[in-house]
file data.pdb (PDB, C-alpha atoms)
MODEL        1
ATOM      1  CA  MET A   1     -46.861  26.452 240.425
ATOM      2  CA  THR A   2     -49.706  27.899 238.355
ATOM      3  CA  THR A   3     -51.435  30.507 240.533
ATOM      4  CA  THR A   4     -53.988  31.908 238.079
ATOM      5  CA  ARG A   5     -55.662  29.226 236.020
ATOM      6  CA  ARG A   6     -57.560  29.930 232.857
ATOM      7  CA  HIS A   7     -60.138  27.333 231.948
ATOM      8  CA  LEU A   8     -61.440  27.206 228.409
ATOM      9  CA  THR A   9     -64.521  29.083 227.255
ATOM     10  CA  ARG A  10     -67.118  28.580 224.563
ATOM     11  CA  ASP A  11     -65.097  30.765 222.212
ATOM     12  CA  ASP A  12     -61.978  28.672 222.871
ATOM     13  CA  LEU A  13     -63.726  25.367 222.243
ATOM     14  CA  ALA A  14     -65.971  26.305 219.318
ATOM     15  CA  PRO A  15     -63.304  25.549 216.648
ATOM     16  CA  LEU A  16     -62.593  22.172 218.254
ATOM     17  CA  ALA A  17     -66.286  21.292 218.317
ATOM     18  CA  ARG A  18     -66.711  22.344 214.680
ATOM     19  CA  ALA A  19     -63.667  20.357 213.540
ATOM     20  CA  ALA A  20     -64.743  17.257 215.456
ATOM     21  CA  THR A  21     -68.443  17.211 214.600
ATOM     22  CA  GLY A  22     -69.165  19.763 211.890
ATOM     23  CA  ARG A  23     -71.649  21.424 214.240
ATOM     24  CA  GLY A  24     -71.782  24.718 216.065
ATOM     25  CA  LEU A  25     -71.184  24.932 219.792
ATOM     26  CA  THR A  26     -74.148  26.158 221.859
ATOM     27  CA  GLY A  27     -72.864  25.613 225.388
ATOM     28  CA  VAL A  28     -69.956  24.401 227.499
ATOM     29  CA  THR A  29     -69.889  22.762 230.939
ATOM     30  CA  ARG A  30     -66.614  22.010 232.686
ATOM     31  CA  LEU A  31     -67.093  18.712 234.498
ATOM     32  CA  ARG A  32     -65.801  18.294 238.029
ATOM     33  CA  GLY A  33     -63.346  15.628 239.066
ATOM     34  CA  GLY A  34     -60.217  15.895 236.931
ATOM     35  CA  THR A  35     -56.868  16.828 238.468
ATOM     36  CA  LYS A  36     -54.620  16.345 235.418
ATOM     37  CA  LYS A  37     -56.808  17.378 232.482
ATOM     38  CA  GLY A  38     -59.841  19.509 231.776
ATOM     39  CA  VAL A  39     -63.050  17.666 230.920
ATOM     40  CA  TYR A  40     -65.700  19.702 229.096
ATOM     41  CA  ARG A  41     -69.160  18.686 227.931
ATOM     42  CA  LEU A  42     -69.864  20.418 224.624
ATOM     43  CA  ALA A  43     -73.492  21.056 223.675
ATOM     44  CA  LEU A  44     -73.973  21.186 219.902
ATOM     45  CA  ASP A  45     -76.646  22.637 217.703
ATOM     46  CA  GLY A  46     -79.109  19.882 216.980
ATOM     47  CA  GLY A  47     -79.269  18.902 220.646
ATOM     48  CA  THR A  48     -76.395  16.418 220.826
ATOM     49  CA  THR A  49     -73.368  16.520 223.110
ATOM     50  CA  VAL A  50     -69.758  15.333 223.071
ATOM     51  CA  VAL A  51     -66.949  15.550 225.597
ATOM     52  CA  ALA A  52     -63.559  17.224 225.181
ATOM     53  CA  TYR A  53     -60.436  16.298 227.124
ATOM     54  CA  VAL A  54     -57.796  19.021 227.229
ATOM     55  CA  TRP A  55     -54.271  18.697 228.590
ATOM     56  CA  SER A  56     -52.489  21.904 229.578
ATOM     57  CA  PRO A  57     -50.651  23.375 232.594
ATOM     58  CA  ASP A  58     -53.819  25.290 233.504
ATOM     59  CA  GLU A  59     -55.727  22.002 233.810
ATOM     60  CA  ASP A  60     -53.040  20.094 235.756
ATOM     61  CA  TYR A  61     -53.421  20.726 239.491
ATOM     62  CA  TRP A  62     -50.416  18.570 240.318
ATOM     63  CA  ASP A  63     -48.096  21.077 238.598
ATOM     64  CA  ALA A  64     -45.638  18.239 238.155
ATOM     65  CA  GLY A  65     -44.069  19.412 234.909
ATOM     66  CA  PRO A  66     -42.615  16.951 232.366
ATOM     67  CA  SER A  67     -42.655  13.293 233.383
ATOM     68  CA  ASP A  68     -40.534  10.303 232.450
ATOM     69  CA  PRO A  69     -42.415   8.009 230.038
ATOM     70  CA  ARG A  70     -40.228   5.120 231.228
ATOM     71  CA  ASP A  71     -41.877   5.360 234.640
ATOM     72  CA  PRO A  72     -45.150   3.356 234.616
ATOM     73  CA  PHE A  73     -46.640   5.751 237.177
ATOM     74  CA  SER A  74     -45.660   8.907 235.335
ATOM     75  CA  ALA A  75     -48.412  11.453 234.863
ATOM     76  CA  GLY A  76     -50.547  10.843 231.795
ATOM     77  CA  THR A  77     -50.777  14.489 230.846
ATOM     78  CA  THR A  78     -50.383  14.405 227.066
ATOM     79  CA  LEU A  79     -52.510  13.553 224.075
ATOM     80  CA  ASP A  80     -50.093  10.807 223.008
ATOM     81  CA  VAL A  81     -50.480   8.932 226.306
ATOM     82  CA  PHE A  82     -54.254   8.993 225.945
ATOM     83  CA  THR A  83     -54.364   7.894 222.308
ATOM     84  CA  ALA A  84     -51.957   5.009 222.950
ATOM     85  CA  ALA A  85     -54.105   3.802 225.850
ATOM     86  CA  HIS A  86     -57.346   4.274 223.929
ATOM     87  CA  GLY A  87     -56.044   2.370 220.922
ATOM     88  CA  ARG A  88     -54.854  -0.516 223.089
ATOM     89  CA  LEU A  89     -58.251  -0.827 224.790
ATOM     90  CA  ILE A  90     -60.048  -0.861 221.450
ATOM     91  CA  ALA A  91     -57.663  -3.531 220.157
ATOM     92  CA  ALA A  92     -58.382  -5.611 223.268
ATOM     93  CA  GLY A  93     -62.142  -5.311 222.774
ATOM     94  CA  VAL A  94     -62.668  -3.299 225.959
ATOM     95  CA  ARG A  95     -65.368  -0.602 225.882
ATOM     96  CA  THR A  96     -64.256   2.993 226.267
ATOM     97  CA  PRO A  97     -65.864   6.183 224.873
ATOM     98  CA  ARG A  98     -65.308   6.392 221.111
ATOM     99  CA  LEU A  99     -62.567   8.750 220.023
ATOM    100  CA  LEU A 100     -64.091  11.207 217.541
ATOM    101  CA  TYR A 101     -61.280  13.674 216.941
ATOM    102  CA  SER A 102     -57.820  14.619 218.164
ATOM    103  CA  ASP A 103     -56.116  18.011 217.941
ATOM    104  CA  THR A 104     -52.363  17.946 218.451
ATOM    105  CA  ALA A 105     -52.081  21.739 218.428
ATOM    106  CA  LEU A 106     -54.526  22.158 221.312
ATOM    107  CA  ASP A 107     -53.457  18.876 222.967
ATOM    108  CA  ALA A 108     -57.093  17.832 223.111
ATOM    109  CA  VAL A 109     -59.449  15.092 222.003
ATOM    110  CA  VAL A 110     -63.196  14.838 221.530
ATOM    111  CA  VAL A 111     -64.957  11.623 222.568
ATOM    112  CA  GLU A 112     -68.540  10.416 222.656
ATOM    113  CA  ASP A 113     -70.611  11.641 225.573
ATOM    114  CA  MET A 114     -71.988   8.726 227.554
ATOM    115  CA  ARG A 115     -75.098   9.977 229.304
ATOM    116  CA  GLY A 116     -75.943   6.817 231.244
ATOM    117  CA  GLY A 117     -74.110   8.111 234.288
ATOM    118  CA  SER A 118     -71.341   6.419 236.202
ATOM    119  CA  LEU A 119     -71.335   2.956 237.703
ATOM    120  CA  GLU A 120     -70.957   4.641 241.082
ATOM    121  CA  GLN A 121     -74.268   6.461 240.556
ATOM    122  CA  ALA A 122     -75.977   3.311 239.284
ATOM    123  CA  LEU A 123     -74.963   1.330 242.354
ATOM    124  CA  GLU A 124     -76.386   4.051 244.589
ATOM    125  CA  ARG A 125     -79.710   4.739 242.822
ATOM    126  CA  ASP A 126     -80.684   1.286 241.553
ATOM    127  CA  PRO A 127     -78.984  -1.707 243.199
ATOM    128  CA  VAL A 128     -80.471  -4.190 240.706
ATOM    129  CA  ALA A 129     -79.355  -2.337 237.579
ATOM    130  CA  GLY A 130     -76.100  -1.414 239.301
ATOM    131  CA  ARG A 131     -75.368  -5.054 240.063
ATOM    132  CA  ALA A 132     -76.041  -5.988 236.431
ATOM    133  CA  ALA A 133     -73.574  -3.312 235.308
ATOM    134  CA  LEU A 134     -71.068  -4.535 237.888
ATOM    135  CA  ASP A 135     -71.354  -8.061 236.496
ATOM    136  CA  ARG A 136     -70.675  -6.674 233.031
ATOM    137  CA  LEU A 137     -67.652  -4.787 234.366
ATOM    138  CA  ALA A 138     -66.299  -8.071 235.747
ATOM    139  CA  ALA A 139     -66.507  -9.497 232.222
ATOM    140  CA  GLU A 140     -64.765  -6.420 230.776
ATOM    141  CA  LEU A 141     -61.981  -6.804 233.347
ATOM    142  CA  ALA A 142     -61.560 -10.465 232.429
ATOM    143  CA  THR A 143     -61.045  -9.358 228.821
ATOM    144  CA  LEU A 144     -58.650  -6.595 229.867
ATOM    145  CA  HIS A 145     -56.601  -8.816 232.157
ATOM    146  CA  ALA A 146     -56.312 -11.541 229.537
ATOM    147  CA  GLN A 147     -54.010  -9.194 227.606
ATOM    148  CA  GLU A 148     -50.285  -9.417 228.355
ATOM    149  CA  GLY A 149     -47.178  -7.525 227.282
ATOM    150  CA  PRO A 150     -43.487  -8.370 226.933
ATOM    151  CA  ALA A 151     -42.488  -5.948 229.703
ATOM    152  CA  PHE A 152     -44.100  -3.773 232.344
ATOM    153  CA  GLY A 153     -44.789  -0.103 231.767
ATOM    154  CA  LYS A 154     -47.192   2.254 230.030
ATOM    155  CA  VAL A 155     -48.670   0.804 226.866
ATOM    156  CA  GLY A 156     -47.258   3.558 224.663
ATOM    157  CA  LEU A 157     -43.761   2.666 225.845
ATOM    158  CA  VAL A 158     -43.991  -1.127 225.830
ATOM    159  CA  ASP A 159     -45.936  -1.495 222.588
ATOM    160  CA  ASN A 160     -43.264   0.562 220.834
ATOM    161  CA  GLY A 161     -40.405  -1.582 222.136
ATOM    162  CA  GLY A 162     -39.365   0.608 225.059
ATOM    163  CA  THR A 163     -38.170  -0.529 228.464
ATOM    164  CA  PRO A 164     -39.051   0.828 231.906
ATOM    165  CA  SER A 165     -36.658   2.643 234.188
ATOM    166  CA  SER A 166     -37.008   0.095 237.026
ATOM    167  CA  SER A 167     -35.951  -3.528 236.923
ATOM    168  CA  SER A 168     -39.331  -4.906 238.066
ATOM    169  CA  ALA A 169     -42.814  -3.853 239.049
ATOM    170  CA  VAL A 170     -42.062  -4.779 242.657
ATOM    171  CA  GLN A 171     -38.964  -2.609 242.699
ATOM    172  CA  ARG A 172     -40.892   0.351 241.296
ATOM    173  CA  VAL A 173     -43.703  -0.039 243.853
ATOM    174  CA  THR A 174     -41.190  -0.421 246.676
ATOM    175  CA  GLU A 175     -39.241   2.679 245.666
ATOM    176  CA  GLY A 176     -42.472   4.627 245.324
ATOM    177  CA  ALA A 177     -43.757   3.496 248.709
ATOM    178  CA  LEU A 178     -40.553   4.542 250.482
ATOM    179  CA  ARG A 179     -40.696   7.927 248.771
ATOM    180  CA  HIS A 180     -44.362   8.382 249.677
ATOM    181  CA  ILE A 181     -43.651   7.557 253.300
ATOM    182  CA  GLU A 182     -41.137  10.396 253.414
ATOM    183  CA  GLN A 183     -43.530  12.779 251.654
ATOM    184  CA  ALA A 184     -46.386  11.919 253.996
ATOM    185  CA  ALA A 185     -44.209  12.111 257.104
ATOM    186  CA  VAL A 186     -43.436  15.790 256.542
ATOM    187  CA  ARG A 187     -47.161  16.530 256.203
ATOM    188  CA  ASP A 188     -48.667  14.454 259.012
ATOM    189  CA  GLU A 189     -47.171  13.751 262.407
ATOM    190  CA  ARG A 190     -48.900  10.381 262.721
ATOM    191  CA  ILE A 191     -46.983   9.071 259.719
ATOM    192  CA  ALA A 192     -43.821  10.731 260.983
ATOM    193  CA  ALA A 193     -44.162   8.791 264.247
ATOM    194  CA  VAL A 194     -44.087   5.436 262.431
ATOM    195  CA  ARG A 195     -41.901   6.377 259.479
ATOM    196  CA  GLU A 196     -39.078   3.937 260.214
ATOM    197  CA  GLU A 197     -41.485   1.117 261.041
ATOM    198  CA  LEU A 198     -43.368   1.701 257.802
ATOM    199  CA  ALA A 199     -40.190   1.696 255.726
ATOM    200  CA  GLU A 200     -39.003  -1.498 257.391
ATOM    201  CA  THR A 201     -42.379  -3.149 256.730
ATOM    202  CA  VAL A 202     -42.288  -2.171 253.052
ATOM    203  CA  ARG A 203     -38.807  -3.642 252.642
ATOM    204  CA  ARG A 204     -39.815  -6.846 254.449
ATOM    205  CA  LEU A 205     -42.923  -7.309 252.313
ATOM    206  CA  ALA A 206     -40.950  -6.630 249.131
ATOM    207  CA  ALA A 207     -38.335  -9.224 250.060
ATOM    208  CA  ALA A 208     -41.048 -11.889 250.315
ATOM    209  CA  VAL A 209     -42.243 -11.420 246.724
ATOM    210  CA  ARG A 210     -40.979 -13.974 244.241
ATOM    211  CA  PRO A 211     -39.954 -12.926 240.703
ATOM    212  CA  ARG A 212     -42.522 -13.272 237.931
ATOM    213  CA  ASP A 213     -42.416 -12.543 234.204
ATOM    214  CA  ARG A 214     -46.137 -12.073 233.514
ATOM    215  CA  HIS A 215     -47.176  -8.480 232.723
ATOM    216  CA  THR A 216     -50.944  -7.952 232.598
ATOM    217  CA  LEU A 217     -52.808  -5.062 230.980
ATOM    218  CA  ILE A 218     -54.464  -3.033 233.763
ATOM    219  CA  HIS A 219     -56.314   0.270 234.048
ATOM    220  CA  GLY A 220     -54.390   1.266 237.180
ATOM    221  CA  GLU A 221     -56.930   3.572 238.882
ATOM    222  CA  LEU A 222     -60.271   1.890 238.369
ATOM    223  CA  GLY A 223     -62.996   3.029 240.722
ATOM    224  CA  ALA A 224     -66.741   3.035 240.089
ATOM    225  CA  ASP A 225     -66.480   6.727 239.168
ATOM    226  CA  HIS A 226     -64.102   5.811 236.337
ATOM    227  CA  VAL A 227     -66.725   3.602 234.696
ATOM    228  CA  LEU A 228     -69.513   5.166 232.600
ATOM    229  CA  LEU A 229     -72.531   3.325 231.211
ATOM    230  CA  ASP A 230     -73.659   3.507 227.611
ATOM    231  CA  ASP A 231     -77.302   3.429 226.457
ATOM    232  CA  GLU A 232     -77.340  -0.352 226.712
ATOM    233  CA  GLY A 233     -75.901  -0.383 230.213
ATOM    234  CA  ARG A 234     -72.498  -1.625 229.083
ATOM    235  CA  PRO A 235     -69.648  -0.215 231.173
ATOM    236  CA  ALA A 236     -66.967   1.879 229.505
ATOM    237  CA  LEU A 237     -63.631   2.719 231.107
ATOM    238  CA  ILE A 238     -62.570   6.371 231.330
ATOM    239  CA  ASP A 239     -59.492   8.177 232.683
ATOM    240  CA  VAL A 240     -57.431   5.596 230.841
ATOM    241  CA  GLU A 241     -54.114   7.458 230.689
ATOM    242  CA  GLY A 242     -52.664   5.176 233.379
ATOM    243  CA  LEU A 243     -53.189   2.050 231.259
ATOM    244  CA  MET A 244     -50.127  -0.147 231.569
ATOM    245  CA  TYR A 245     -48.735  -3.655 231.671
ATOM    246  CA  PHE A 246     -48.111  -4.473 235.305
ATOM    247  CA  ASP A 247     -48.855  -6.965 238.055
ATOM    248  CA  VAL A 248     -52.604  -7.606 238.103
ATOM    249  CA  GLU A 249     -52.468  -7.471 241.907
ATOM    250  CA  TRP A 250     -51.957  -3.705 241.703
ATOM    251  CA  GLU A 251     -55.317  -3.443 239.939
ATOM    252  CA  HIS A 252     -57.045  -5.634 242.496
ATOM    253  CA  VAL A 253     -55.711  -3.711 245.469
ATOM    254  CA  PHE A 254     -57.153  -0.543 243.982
ATOM    255  CA  LEU A 255     -60.444  -2.245 243.088
ATOM    256  CA  ARG A 256     -60.864  -3.504 246.632
ATOM    257  CA  ILE A 257     -60.187  -0.057 248.091
ATOM    258  CA  ARG A 258     -62.514   1.792 245.729
ATOM    259  CA  PHE A 259     -65.395  -0.683 245.431
ATOM    260  CA  GLY A 260     -65.443  -1.866 249.037
ATOM    261  CA  PRO A 261     -65.979  -5.443 250.261
ATOM    262  CA  ARG A 262     -69.574  -5.846 249.028
ATOM    263  CA  HIS A 263     -69.019  -4.784 245.419
ATOM    264  CA  TYR A 264     -65.439  -6.024 245.110
ATOM    265  CA  ASP A 265     -66.621  -9.592 245.668
ATOM    266  CA  VAL A 266     -68.136  -9.452 242.166
ATOM    267  CA  LEU A 267     -64.784  -8.411 240.685
ATOM    268  CA  ARG A 268     -62.580 -10.732 242.721
ATOM    269  CA  THR A 269     -60.567 -13.314 240.815
ATOM    270  CA  ARG A 270     -58.499 -16.366 241.608
ATOM    271  CA  ASP A 271     -54.763 -16.923 241.567
ATOM    272  CA  LEU A 272     -53.670 -13.581 242.986
ATOM    273  CA  ASP A 273     -50.236 -13.577 244.630
ATOM    274  CA  GLU A 274     -50.878 -12.820 248.304
ATOM    275  CA  ASP A 275     -47.302 -11.617 248.873
ATOM    276  CA  ARG A 276     -47.764  -9.018 246.151
ATOM    277  CA  MET A 277     -51.181  -8.128 247.510
ATOM    278  CA  ARG A 278     -49.729  -7.407 250.954
ATOM    279  CA  LEU A 279     -46.959  -5.192 249.606
ATOM    280  CA  TYR A 280     -49.172  -3.400 247.119
ATOM    281  CA  ARG A 281     -51.944  -2.833 249.667
ATOM    282  CA  LEU A 282     -49.618  -0.953 252.013
ATOM    283  CA  ALA A 283     -47.956   0.905 249.140
ATOM    284  CA  MET A 284     -51.328   1.947 247.705
ATOM    285  CA  HIS A 285     -52.632   3.259 251.016
ATOM    286  CA  VAL A 286     -49.434   5.239 251.604
ATOM    287  CA  SER A 287     -49.661   6.775 248.125
ATOM    288  CA  LEU A 288     -53.283   7.757 248.822
ATOM    289  CA  VAL A 289     -52.064   9.652 251.865
ATOM    290  CA  ALA A 290     -49.042  11.355 250.339
ATOM    291  CA  GLY A 291     -50.667  12.320 247.027
ATOM    292  CA  PRO A 292     -53.805  14.056 248.317
ATOM    293  CA  LEU A 293     -51.880  15.866 251.065
ATOM    294  CA  ARG A 294     -49.480  17.224 248.465
ATOM    295  CA  LEU A 295     -52.294  18.161 246.081
ATOM    296  CA  ILE A 296     -54.181  20.297 248.599
ATOM    297  CA  GLU A 297     -51.076  22.371 249.298
ATOM    298  CA  GLY A 298     -51.740  23.972 245.918
ATOM    299  CA  ASP A 299     -54.871  25.552 244.508
ATOM    300  CA  PHE A 300     -56.981  22.446 243.903
ATOM    301  CA  PRO A 301     -60.557  23.749 244.180
ATOM    302  CA  HIS A 302     -62.082  20.872 246.185
ATOM    303  CA  PRO A 303     -59.624  20.160 249.010
ATOM    304  CA  GLU A 304     -62.190  18.707 251.412
ATOM    305  CA  GLY A 305     -62.589  15.544 249.325
ATOM    306  CA  MET A 306     -58.833  15.063 249.126
ATOM    307  CA  ARG A 307     -58.503  15.486 252.878
ATOM    308  CA  GLU A 308     -61.088  12.749 253.371
ATOM    309  CA  ILE A 309     -59.183  10.418 251.038
ATOM    310  CA  ALA A 310     -55.914  11.082 252.867
ATOM    311  CA  GLU A 311     -57.472  10.581 256.302
ATOM    312  CA  HIS A 312     -59.243   7.360 255.364
ATOM    313  CA  ASN A 313     -56.065   5.851 253.930
ATOM    314  CA  LEU A 314     -53.912   7.124 256.785
ATOM    315  CA  VAL A 315     -56.085   5.148 259.188
ATOM    316  CA  ARG A 316     -55.617   2.052 257.033
ATOM    317  CA  VAL A 317     -51.829   2.540 256.956
ATOM    318  CA  LEU A 318     -51.704   2.684 260.754
ATOM    319  CA  GLU A 319     -53.880  -0.449 260.983
ATOM    320  CA  LEU A 320     -51.544  -2.349 258.665
ATOM    321  CA  VAL A 321     -48.590  -1.666 260.971
ATOM    322  CA  GLY A 322     -50.589  -2.518 264.068
ATOM    323  CA  ARG A 323     -51.153   1.035 265.383
TER     324      ARG A 323
ENDMDL
END
call {"tool": "encode", "arguments": {"input": "data.pdb", "output": "structure tokens"}}
result
Amino acid sequence: MTTTRRHLTRDDLAPLARAATGRGLTGVTRLRGGTKKGVYRLALDGGTTVVAYVWSPDEDYWDAGPSDPRDPFSAGTTLDVFTAAHGRLIAAGVRTPRLLYSDTALDAVVVEDMRGGSLEQALERDPVAGRAALDRLAAELATLHAQEGPAFGKVGLVDNGGTPSSSSAVQRVTEGALRHIEQAAVRDERIAAVREELAETVRRLAAAVRPRDRHTLIHGELGADHVLLDDEGRPALIDVEGLMYFDVEWEHVFLRIRFGPRHYDVLRTRDLDEDRMRLYRLAMHVSLVAGPLRLIEGDFPHPEGMREIAEHNLVRVLELVGR
């Protein structure tokens, strides 16, 4: 585990800013929120700004080390994962901040700075404008989910002819859920008390899911804080490293959790497989207990928010097993 983290300074980032924009760097702000990469707003001479994403062990609070690209849920902690996802979104016609420059030596990119704020902020400060942006996000998601791939997995793997390490999306979610139950059980006694019941429920729900060959392009972790607005109010997807071909139900479970009943109704779609939804809902809630509890055992600087996420989802897990 990294115990002393060194975040980048103005001197560190000045060459990147110059290479990307041809301008001098006048100021740097490290933006809060990332757990796997550093996000820095770069102020340039002339009054403009851009944003740098930097991947390095010092920026990765999960301290997970190398990941298996054949696993669709592997950590997106490299430049290559980002550029593959970004290129696929652009090809699909889905808005995401423009890629201005990439630096393989630093493992960093520079993208346009979208100063319209997040969709989450828009929904809070101006319900009318926020609803208009939400409607536009629904249209962007329709475009995204109209894209399909020949297999499931991260776009960089599938689009280059690779195959995933699991036999199906359902198998991968099931294996992950069982693993997360064990991880959560050693960190919270309430999960430990229902560990066997949870595992049995996961297996039962998985057995009810029928095979399917359709693999839909999804963001994977799309909350309102992962959507920024451009100057015209059009939503743009960020934190795209999890982009993959998968069951669209996985996306909708996450959307429902993060947007809540009132806003999710705008994003809801027809023809979702309810058996998959039931399995993925429980698996998602369990992962949102196990992950945050593991993260705050390290040196993540904002543990209180992660504790709230874990507690909220733990309550939902217990509700789903009738406790």
call {"tool": "resolve_selection", "arguments": {"input": "data.pdb", "expression": "the PyMOL selection byres ((chain A and resi 111) around 10)", "output": "PyMOL selection string"}}
result
chain A and resi 20+41+49-53+96-102+109-110+112-114
call {"tool": "residues_around", "arguments": {"input": "data.pdb", "residues": "Ala236 (chain A)", "least_positions_apart": "2", "cutoff": "7 Å", "atoms": "all atoms listed in the file", "output": "PyMOL selection string"}}
result
chain A and resi 95-97+227-229+234+238
call {"tool": "resolve_selection", "arguments": {"input": "data.pdb", "expression": "the PyMOL selection byres ((chain A and resi 6) around 12)", "output": "list in words"}}
result
Thr2, Thr3, Thr4, Arg5, His7, Leu8, Thr9, Asp12, Gly38, Ser56, Pro57, Asp58, Glu59 and Asp60 of chain A
call {"tool": "resolve_selection", "arguments": {"input": "data.pdb", "expression": "the PyMOL selection byres ((chain A and resi 43-45) around 8)", "output": "number ranges by chain"}}
result
A: 17, 23-28, 41-42, 46-50
call {"tool": "atom_distance", "arguments": {"input": "data.pdb", "atom1": "CA of Val317 (chain A)", "atom2": "CA of Leu198 (chain A)"}}
result
8.5 Å
call {"tool": "atom_distance", "arguments": {"input": "data.pdb", "atom1": "CA of Ala169 (chain A)", "atom2": "CA of Asp68 (chain A)"}}
result
15.8 Å
call {"tool": "residues_near_point", "arguments": {"input": "data.pdb", "point": "(-74.3, 0.9, 230.4)", "cutoff": "10 Å", "atoms": "all atoms listed in the file", "output": "VMD selection string"}}
result
chain A and resid 114 to 119 122 129 to 130 132 to 134 136 to 137 227 to 236
call {"tool": "residues_around", "arguments": {"input": "data.pdb", "residues": "region 259-269 of chain A", "least_positions_apart": "6", "cutoff": "9 Å", "atoms": "all atoms listed in the file", "output": "mmCIF file with C-alpha atoms, in the coordinates of the input"}}
result
data_model
loop_
_atom_site.group_PDB
_atom_site.id
_atom_site.type_symbol
_atom_site.label_atom_id
_atom_site.label_comp_id
_atom_site.auth_asym_id
_atom_site.auth_seq_id
_atom_site.Cartn_x
_atom_site.Cartn_y
_atom_site.Cartn_z
ATOM 1 C CA GLU A 120 -70.957 4.641 241.082
ATOM 2 C CA ARG A 131 -75.368 -5.054 240.063
ATOM 3 C CA LEU A 134 -71.068 -4.535 237.888
ATOM 4 C CA ASP A 135 -71.354 -8.061 236.496
ATOM 5 C CA LEU A 137 -67.652 -4.787 234.366
ATOM 6 C CA ALA A 138 -66.299 -8.071 235.747
ATOM 7 C CA ALA A 139 -66.507 -9.497 232.222
ATOM 8 C CA LEU A 141 -61.981 -6.804 233.347
ATOM 9 C CA ALA A 142 -61.560 -10.465 232.429
ATOM 10 C CA GLY A 223 -62.996 3.029 240.722
ATOM 11 C CA ALA A 224 -66.741 3.035 240.089
ATOM 12 C CA HIS A 252 -57.045 -5.634 242.496
#
call {"tool": "closest_residue", "arguments": {"input": "data.pdb", "among": "A:Val289, A:Val253, A:Ala84, A:Val173", "to": "Val158 (chain A)", "atoms": "only C-alpha atoms"}}
result
A:Ala84
call {"tool": "atom_distance", "arguments": {"input": "data.pdb", "atom1": "CA of Tyr40 (chain A)", "atom2": "CA of Trp62 (chain A)"}}
result
19.0 Å
call {"tool": "closest_residue", "arguments": {"input": "data.pdb", "among": "A:His86, A:Ala199, A:Asp103, A:Glu297", "to": "Gly176 (chain A)", "atoms": "all atoms listed in the file"}}
result
A:Ala199
call {"tool": "closest_atom_pairs", "arguments": {"input": "data.pdb", "of": "region 115-191 of chain A", "to": "region 290-294 of chain A", "cutoff": "12 Å", "atoms": "only C-alpha atoms", "output": "JSON lines"}}
result
{"residue": "A:Gly176", "atom": "CA", "partner": "A:Ala290", "partner_atom": "CA", "distance": 10.7}
{"residue": "A:Ala177", "atom": "CA", "partner": "A:Ala290", "partner_atom": "CA", "distance": 9.6}
{"residue": "A:Leu178", "atom": "CA", "partner": "A:Ala290", "partner_atom": "CA", "distance": 10.9}
{"residue": "A:Arg179", "atom": "CA", "partner": "A:Ala290", "partner_atom": "CA", "distance": 9.2}
{"residue": "A:His180", "atom": "CA", "partner": "A:Ala290", "partner_atom": "CA", "distance": 5.6}
{"residue": "A:Ile181", "atom": "CA", "partner": "A:Ala290", "partner_atom": "CA", "distance": 7.2}
{"residue": "A:Glu182", "atom": "CA", "partner": "A:Ala290", "partner_atom": "CA", "distance": 8.5}
{"residue": "A:Gln183", "atom": "CA", "partner": "A:Ala290", "partner_atom": "CA", "distance": 5.8}
{"residue": "A:Ala184", "atom": "CA", "partner": "A:Ala290", "partner_atom": "CA", "distance": 4.6}
{"residue": "A:Ala185", "atom": "CA", "partner": "A:Ala290", "partner_atom": "CA", "distance": 8.3}
{"residue": "A:Val186", "atom": "CA", "partner": "A:Ala290", "partner_atom": "CA", "distance": 9.5}
{"residue": "A:Arg187", "atom": "CA", "partner": "A:Leu293", "partner_atom": "CA", "distance": 7.0}
{"residue": "A:Asp188", "atom": "CA", "partner": "A:Leu293", "partner_atom": "CA", "distance": 8.7}
{"residue": "A:Ile191", "atom": "CA", "partner": "A:Ala290", "partner_atom": "CA", "distance": 9.9}
call {"tool": "closest_residue", "arguments": {"input": "data.pdb", "among": "A:Pro15, A:Gly305, A:Gly156, A:Pro211", "to": "Leu89 (chain A)", "atoms": "all atoms listed in the file"}}
result
A:Gly156
call {"tool": "residues_near_point", "arguments": {"input": "data.pdb", "point": "(-47.8, -0.5, 232.3)", "cutoff": "12 Å", "atoms": "all atoms listed in the file", "output": "NGL selection string"}}
result
:A and (69-74 or 76 or 81 or 84-85 or 88 or 147-159 or 162-166 or 168-169 or 172 or 214-221 or 240-248 or 250-251)
